[in-house]
Structure formats: C-alpha cells, structure tokens
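Beneath this line is the structure, given in structure tokens, with notes to follow.
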Amino acid sequence: MQAIELSTTISAQGGIALPANFKALYGRDARMILLIDDDDDDDDDDDDDVALALPAPSRLERQANLRQALAAVAQAGTFAHVEDASVWQREVRAERPQPGRED
C-alpha cells in the first residue's frame, strides 16, 4: 500500500480531484482518510454538523474481534469459578429484580 498526502477541495457534487501528476492513479481503487479543517469559513450551509461514519466492519472482522475478546476473558479467568454454566446463569437471573414482578 502506498500513502499519498495532498490538500484539495471537495466539490459541491462530492468529487475529489487529483492533480495531473497523479494521472497514473486515475481509475484505481483507493482507501481514503479525510481530515477536515474545523475552521472552515463557509457558514452558508446548515450541514456543518455532518456525522462522518466509519464503514461497518465486515463479518469476518467482527468474528475475529469477538474471538479476541472471548480469548481475553478466558485468559483472565473471569468465569473460572463457574462449574455449571446453566446453574450459575439461573442463580444470576434469580438475583436480579424483575420489573413488575415484586412477588
């Protein structure tokens, strides 16, 4: 992967133009990180508070993250004291107050 840093203006249509000296890159896929200046003087738009969302992780990334988290819990011995998971789960649920069930 090659990193290129440059400054440019995003057009009103959302386009980002690359300078001509990057013509060899035209038509290629690229991953971008946009760094937007906070001190933009353009007060004409009401869209100043645009929420920029990161792309959702893929299913494989979520699975890998879950495996890593579960491995950390196992390594820490968080539930090592639990001999029977079903019994422990029933006990934990019984201790929690249930809304509308004050009996």
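FYI, nothing fancy with the structure tokens labels: chains A, B, ... in order, residues from 1 per chain, ligands from 1 as they appear.
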**Request:** Quick one: everything within 12 Å of region 19-25 of chain A, counting only C-alpha atoms, minus sequence neighbours fewer than 5 positions away in the same chain. Send it as a list in words.
**Result:** Gln2, Ile4, Glu5, Leu6, Ser7, Thr8, Thr9 and Ala30 of chain A
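Taking CA of Val92 (chain A) as the reference point, CA of Ala64 (chain A) is found at 28.5 Å.
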**Message:** Report, in Å to a single decimal, how far apart CA of Ala56 (chain A) and CA of Ala72 (chain A) are.
**Reply:**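 CA of Ala72 (chain A) sits 22.9 Å away from CA of Ala56 (chain A).
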**Request:** Provide the CA of Met1 (chain A) to CA of Arg28 (chain A) distance in Å, to one decimal place.
**Result:** 12.5 Å
**Message:** Residues near Ala3 (chain A), anyone? I mean within 12 Å using only C-alpha atoms, not counting same-chain ones fewer than 4 positions away, as an MDAnalysis selection string.
**Reply:** chainID A and resid 30:33
